[in-house]
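A.B. asks: I'd like to ask some things about the structure below.
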Amino acid sequence: MKRFDYARPADLGSAIATLAAAGDGTRLVAGGTTLFDLMKLDVETPGRLVDINGLAELRGIDTGGDELRLGALVRMADAAEDTRLKADFPLLSEALWKAASQQLRNMASLGGNLLQRTRCAYFRHGEPFACNKRNPGSGCAAIDGANRSHAFFGGSDACVAAYPGDFAIALIAMDAVIDVEGAKGRRSLAIADLHRQPGARPHQDANLSPDEIIVQIRIPANSVGRASTYHKVRDRESYAFAVVSTAAAVRIEDGVVADVRIALGGVATVPWRARSAEQALIGRRLDAETAAEAGRIAFEGAAPLNHNSFKIELGANVVRDALIIAAGRA
Amino acid sequence: MSRNFYPELVRVDACDKVRGITRFGTDNRPENLAHGAFAVATIGKGRVLSVDTLSAEALPGVLSVITHRDTTSLKPAQFLMAGGYAFQTHSPILTAEVAYRGQPVALVLAETLEIAIEAAALLRIDYEEVAFAATMDSPLAEPVAQAQAPMRYPLEDVSVGDALSAYEGGAVKVDSTYGMERQFQNPMELIGTVASWDGDRLTIHEGTQNAGGCKFGVADQLGISPENVTVISPFIGGGFGQKNSMQSQLVLAAFASRQLGRPVKIVVPRRQLFHDTTSRPATRQRVRLAADREGRLVGALYDVDAQTSKLDFFPAEHADTAARFYGYPAFKSFTRLIRTDIPTPGYMRAPFEHAAAFAIESAMDELSYQLKMDPVELRLRNDTAVDVVSGLPHSSRHVAECLRRGAETFGWSRRNPKPRSMVAANGDLIGMGVAIGLYSGSGGPTRARIIARRDGTVTVNVGIHEMGQGAVTAIINVVAKRLGVQPSAVTAMVGDTSGVPQPLTAGSWGSTSAMPAVEAVCDALMQALAEAGVETSGNVPLGEMVARTGRDEIQTDASSVAPGQDPQVLGRTDTGRVAPAGPVYPGFVTYSYAVHFVEVHVEASTGRIRVPRVVSMFDCGRVLSPRTARSQAIGGVVWGIGGTLREGAETDARYGGVMNGDIAEYLIPVNADIGSIEVGFIDEPDFQVNRSGVKGLGEVVMAGVAPAITNAVYHATETRVRDLPVRLEMLLRSQE
């Protein structure tokens, strides 16, 4: 870890001004659960940290209205316990409490969690591993390496690092919107547009400019979230990243699927919406057979690596199980 | 569940530990402390050509950078199993050689830990890299037949009868190969040293299972008299074998402290511990079992490939354990050591027995299905009172009772023998499995001293280390009972070389060595009181007896050795050497035993395995401290679950090292992984092995958990898992 300057602005405006003036090598810090970890590994080596924990305007949580608003600084643990989320959007609450450990959830902010960086070992463990995300142009050691936990959706020749988070998977299923504010003002983008597939520029995880700060997450109230789940399969019962996860939500009308959402974690470079699987279910009964078919469709087009092809079968089962769990809550 | 001879005593250090009062080795912060951090090799093997220290040394607060050019006065360490005191022969930073990825190549000393870490990252190191073998399958890995390896303590293959013919003539056969990845001890307390000098006297605070070995080892490396070294290790935050010998940082901390003229602390971070100390080596074990139609074993062939380093021949003693499971009429082993470019492997809790039990007891389970015989019954039929290797009787062997009692407690009779026949309400497949584990009994020369005072207090000083296993609680329990005093009146001093010698505590010989010495020194005290003319047979309190001698305190010394050992072997203890004997003693052989019954629930769609229930029975001789014994047993079963379903190194052979080298990615169990664990003890003393009647417990507790789980998984799923750790993908069934 190297030395860094540290600023703690008191409001959003001065935070943006600080960021805009700072240029490269500046990082926002909220809970610090990803950043400090990567700084200790010398993967993140910011010269300057802008601590946004003093920004009261990012702390709001309002889940009472037609649109749920979660401030970017709301801690994961607090959002996980929100009664509206638990009642009407169990997939969101579950995605939060199935992540990390209680201690980490007490620290980690929602905004920071969305931007959690990959767990790819070649990325995290520094030299001499080739990693285009950490060291652009150096190559990708994972493509022919230990890639059981890597992505078979959304990868490129330059990078197959999986997006590690859970909450964003559930959010993408709910068509959440992210409000960001920067030197040029405020803008909103669909959560689906927040994360970048690596393409030729894996070092850029998100479609945010350096002066922009995530202000809040908005989730449109809907009637599909109630019958939902975040089904997370991992290598141990708790405190582990997803081997495969599925956020599933379903609304049944007159015995057939009127609305359904399926999103996948652990298998893609970005939060991954399985729209063709959703389409296949619309207008049909949801039973073990159609759910299994949706599961198979969800994994069509996967480009498996040496060690992760089992997730096609596993993932299809997880999607099926998630749909059945979700439908059981209708 | 079992009637205990000794009373239930609350762990004597429990309150301090939960309040954070206990001071572990590197919690010591002497005045003016300097901090060390290592720079580690980023190549798989080779040598350091140059270290550019300019920018590191320019950092304010940096005191010194030590490279191999600065350490020429230091003598390289020697491997414990080659007559030395260290976990391997190779000494990082004492030469330019890089033996494996992640090896320390330079040490930075600074005013703060943060500065030291930052400076270590600023070192620019040039290497010459050479080709290497990171795994047993690497083309440059070098297999050597162990019996032919030039080892200081040679290990021969086990050969009883004509095993090949017996196997070939058997009516029912199993021929299976079982693999296991490298595993790491990961005690909560990291390895580390606080070194300080007072003139020419060196004091070391370090969590170690071998204060004596560290004392003599570091003195040898520094070229000073061991008389001038004190190693203090009263508490260890878990050892599990990783701390059983001198580690690389010790001599460097002492050296740096002498150079700087101030105390130095080095704590090896978790990630570096995956790269620069011991591990349980990877293994590949082929088991061939043959039985007659009634399920009696007629012959067994056992071939082991075990990973070692290219630095040392770490012995692979799997066959010695495997040959003791049953009364095989014929048994033949063949062990190869596979030399690779990793740090020398070492002793990790049940070092060979965890793997050997996985292989033998999995094969027995496979045999039971071929025979259509209940796995408990098959084991009972092959139990033995005689050790087939030596022909000698077992001192005690309560395997059958463990099996029967365990089966009853577990409810084994409710098991439907047909695989995939038991299904839970939620659709999970239920499986029930059983397996035996065993661990060799041993004991060694140990000295003890006791001081009884007029005020009724007693201090006992004995050669053993408190690793969290409850050694001190057991000692106090024994002393209190023997002297008729309250446990609160007794204190124990252990792990401190300023008292009696502190030999290595490992191999489940801690209690078997120390407790006889403790009993002997208690008896010596009473003898001394009697000789002073005090009546010792009545109900006179101990303090009153001391008072009647007219003195303030009485001190006596005593010692003990294992059965058949010449008392002169105490000289080895006095010089920090490893000296226990066993399991083969004059006239008998001794082992501790475990039997585990495991229930698993397997989620068919994902392969997720849950272990809601374990019942384990142990034959460890006399239970000296019921509460800490139970804790140790439960902890061992937890580890067995982790060592089967979670733990395994991931290595990228192109690079070497360990890809999952932290405890976020190297999975150990969390609370949610652990269900009900019920443990019981036979608690029958074995007075042949020592006067205390105690056999070892610390290692045997996890031996056999692995096959009990995978046998249960087979019963649940009809999928035989032969490679550990078990991963989801191994249980996926494509037809679903």
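As shown in the structure tokens, the chain order sets the letters A, B, ...; within each chain, residues go from 1, and ligands are also counted from 1 in the order they appear.
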Please give the complete set of residues from segment 146-206 of chain A that DSSP, run on the backbone, assigns to alpha helix (DSSP H), formatted as a count of residues only.
C.D. replies: 7
A.B. asks: If we count only C-alpha atoms, what is near Asp723 of chain B at a cut-off of 10 Å, once residues fewer than 4 positions away on the same chain are taken out, given as number ranges by chain?
C.D. replies: B: 177-181, 283-284, 358-359, 644, 710, 727, 730
A.B. asks: Just to be explicit: take each residue in the selection above, keep N, CA and C atoms, and write the result as a PDB file, in the first residue's frame.
C.D. replies:
ATOM      1  N   THR B 177      -8.519 -45.063  -7.139  1.00  0.00           N
ATOM      2  CA  THR B 177      -7.484 -44.058  -6.875  1.00  0.00           C
ATOM      3  C   THR B 177      -8.141 -42.790  -6.359  1.00  0.00           C
ATOM      4  N   TYR B 178      -7.544 -42.258  -5.316  1.00  0.00           N
ATOM      5  CA  TYR B 178      -8.123 -41.110  -4.612  1.00  0.00           C
ATOM      6  C   TYR B 178      -7.121 -39.951  -4.603  1.00  0.00           C
ATOM      7  N   GLY B 179      -7.614 -38.778  -4.922  1.00  0.00           N
ATOM      8  CA  GLY B 179      -6.736 -37.608  -4.992  1.00  0.00           C
ATOM      9  C   GLY B 179      -7.121 -36.560  -3.966  1.00  0.00           C
ATOM     10  N   MET B 180      -6.134 -35.828  -3.547  1.00  0.00           N
ATOM     11  CA  MET B 180      -6.377 -34.768  -2.581  1.00  0.00           C
ATOM     12  C   MET B 180      -5.454 -33.591  -2.886  1.00  0.00           C
ATOM     13  N   GLU B 181      -6.019 -32.384  -2.935  1.00  0.00           N
ATOM     14  CA  GLU B 181      -5.213 -31.190  -3.203  1.00  0.00           C
ATOM     15  C   GLU B 181      -4.399 -30.801  -1.975  1.00  0.00           C
ATOM     16  N   THR B 283      -1.832 -35.482  -2.587  1.00  0.00           N
ATOM     17  CA  THR B 283      -1.587 -36.921  -2.674  1.00  0.00           C
ATOM     18  C   THR B 283      -2.463 -37.557  -3.741  1.00  0.00           C
ATOM     19  N   ARG B 284      -1.986 -38.690  -4.208  1.00  0.00           N
ATOM     20  CA  ARG B 284      -2.751 -39.568  -5.091  1.00  0.00           C
ATOM     21  C   ARG B 284      -2.556 -40.961  -4.520  1.00  0.00           C
ATOM     22  N   PHE B 358      -9.120 -41.330   4.076  1.00  0.00           N
ATOM     23  CA  PHE B 358      -9.986 -41.075   2.910  1.00  0.00           C
ATOM     24  C   PHE B 358      -9.868 -42.217   1.911  1.00  0.00           C
ATOM     25  N   ALA B 359      -8.653 -42.641   1.655  1.00  0.00           N
ATOM     26  CA  ALA B 359      -8.450 -43.693   0.651  1.00  0.00           C
ATOM     27  C   ALA B 359      -8.935 -45.053   1.146  1.00  0.00           C
ATOM     28  N   THR B 644     -12.812 -31.715   3.646  1.00  0.00           N
ATOM     29  CA  THR B 644     -13.431 -32.600   2.660  1.00  0.00           C
ATOM     30  C   THR B 644     -14.215 -31.804   1.619  1.00  0.00           C
ATOM     31  N   THR B 710     -17.873 -38.609   2.236  1.00  0.00           N
ATOM     32  CA  THR B 710     -18.011 -39.020   0.837  1.00  0.00           C
ATOM     33  C   THR B 710     -18.742 -40.362   0.725  1.00  0.00           C
ATOM     34  N   ARG B 727     -16.410 -30.676  -5.109  1.00  0.00           N
ATOM     35  CA  ARG B 727     -16.958 -29.456  -5.692  1.00  0.00           C
ATOM     36  C   ARG B 727     -18.317 -29.778  -6.316  1.00  0.00           C
ATOM     37  N   MET B 730     -18.821 -32.036  -9.325  1.00  0.00           N
ATOM     38  CA  MET B 730     -18.604 -33.477  -9.253  1.00  0.00           C
ATOM     39  C   MET B 730     -19.920 -34.237  -9.072  1.00  0.00           C
TER      40      MET B 730
END
A.B. asks: Using only C-alpha atoms, select each residue of chain B with any atom at most 6 Å away from an atom of chain A, and give the selection as a list in words.
C.D. replies: Glu118, Ser605, Thr606, Ala672 and Asp673 of chain B
A.B. asks: Nearest to Asn28 of chain B: which of B:Ala110, B:Arg124, B:Ser91, B:His205 is it, counting only C-alpha atoms?
C.D. replies: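 Comparing B:Ala110, B:Arg124, B:Ser91, B:His205 against Asn28 of chain B, the winner is B:His205.
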A.B. asks: Which value, in Å to one decimal, gives the distance between atom CA of Arg610 of chain B and atom CA of His596 of chain B?
C.D. replies: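 For atom CA of Arg610 of chain B relative to atom CA of His596 of chain B, the distance reads 16.0 Å.
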A.B. asks: Neighbouring residues of His195 of chain A were defined as those with any atom within 6 Å, considering only C-alpha atoms; residues of the same chain fewer than 4 positions away were excluded. Please report them as a ChimeraX atom specification.
C.D. replies: /A:205-206,270
A.B. asks: For C-alpha atoms, I'd like the residues from the last selection saved as a PDB file, in the first residue's frame.
C.D. replies:
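Listing of selection.pdb after writing:
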ATOM      1  CA  ASP A 205     -15.573  -1.349 -15.402  1.00  0.00           C
ATOM      2  CA  ALA A 206     -18.360   1.217 -15.568  1.00  0.00           C
ATOM      3  CA  VAL A 270     -21.634  -7.709 -16.170  1.00  0.00           C
TER       4      VAL A 270
END
A.B. asks: Just how far from atom CA of Ala162 of chain A is atom CA of Ala649 of chain B, in Å to one decimal?
C.D. replies: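 According to the coordinates, atom CA of Ala649 of chain B and atom CA of Ala162 of chain A are separated by 20.5 Å.
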A.B. asks: Considering only C-alpha atoms, return as a compact mmCIF listing (two decimals) with C-alpha atoms, in the first residue's frame whatever protein or nucleic-acid residues lie within 8 Å of Pro487 of chain B, sequence-local ones (same chain, fewer than 5 positions apart) excluded.
C.D. replies:
# COMPACT_ATOMS: atom_id res chain seq x y z
CA ILE B 476 -4.29 -28.17 36.16
CA ASN B 477 -7.04 -30.76 36.30
CA VAL B 479 -2.43 -31.59 39.41
CA ALA B 480 -5.50 -30.50 41.36
A.B. asks: Which residues, written as a ChimeraX atom specification, have at least one atom at most 6 Å from Ala248 of chain A, with only C-alpha atoms counted and residues fewer than 3 positions away on the same chain left out?
C.D. replies: /A:228-229,261-262,322-323
A.B. asks: In Å, rounded to a single decimal, give me how far atom CA of Gln116 of chain A is from atom CA of Gln216 of chain A.
C.D. replies: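 Calculated distance between atom CA of Gln216 of chain A and atom CA of Gln116 of chain A is 16.1 Å.
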A.B. asks: Choose the residue, out of B:Gln242, B:Thr53, B:Thr491, B:Thr717, that has the smallest atom-to-atom separation from His601 of chain B; count only C-alpha atoms.
C.D. replies: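 Closest to His601 of chain B, using only C-alpha atoms: B:Thr717.
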A.B. asks: Of the candidates B:Leu645, B:Met364, B:Ile66, B:Met545, which one gets nearest to Arg454 of chain B if we count only C-alpha atoms?
C.D. replies: B:Met545
A.B. asks: Identify, on the basis of only C-alpha atoms, every residue whose closest approach to Ile641 of chain B does not exceed 8 Å; exclude the query and any residue fewer than 2 positions from it along the same chain; express the result as a count of residues only.
C.D. replies: 11
A.B. asks: List the neighbours of Gly468 of chain B out to 7 Å using only C-alpha atoms; skip same-chain residues closer than 5 positions along the sequence, and give me the result as number ranges by chain.
C.D. replies: B: 236-238
A.B. asks: Export C-alpha atoms of the chosen residues as a PDB file, in the first residue's frame?
C.D. replies:
ATOM      1  CA  ILE B 236      -0.460 -20.110  20.516  1.00  0.00           C
ATOM      2  CA  GLY B 237      -3.395 -18.954  18.448  1.00  0.00           C
ATOM      3  CA  GLY B 238      -3.596 -22.319  16.770  1.00  0.00           C
TER       4      GLY B 238
END
A.B. asks: Report as a Markdown table: every residue of segment 52-73 of chain A with an atom at most 12 Å from segment 179-194 of chain A, its closest pair of atoms, and their distance in Å to one decimal, counting only C-alpha atoms, with rows sorted by chain and ascending residue number.
C.D. replies:
| residue | atom | partner | partner_atom | distance |
| --- | --- | --- | --- | --- |
| A:Glu57 | CA | A:Glu181 | CA | 11.8 |
| A:Leu58 | CA | A:Asp179 | CA | 10.8 |
| A:Arg69 | CA | A:Asp179 | CA | 10.1 |
| A:Leu70 | CA | A:Asp179 | CA | 10.3 |
| A:Gly71 | CA | A:Asp179 | CA | 9.6 |
| A:Ala72 | CA | A:Asp179 | CA | 9.2 |
A.B. asks: Tell me, which residues of segment 461-511 of chain B carry DSSP strand (DSSP E), written as a list in words?
C.D. replies: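 The strand (DSSP E) subset of segment 461-511 of chain B is Asn461, Val462, Val490, Thr491, Ala492 and Met493 of chain B.
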A.B. asks: Using only C-alpha atoms, which of B:His398, B:Arg262, B:His354, B:Lys310 sits nearest Leu140 of chain B?
C.D. replies: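 For Leu140 of chain B, the nearest of the candidates is B:Lys310.
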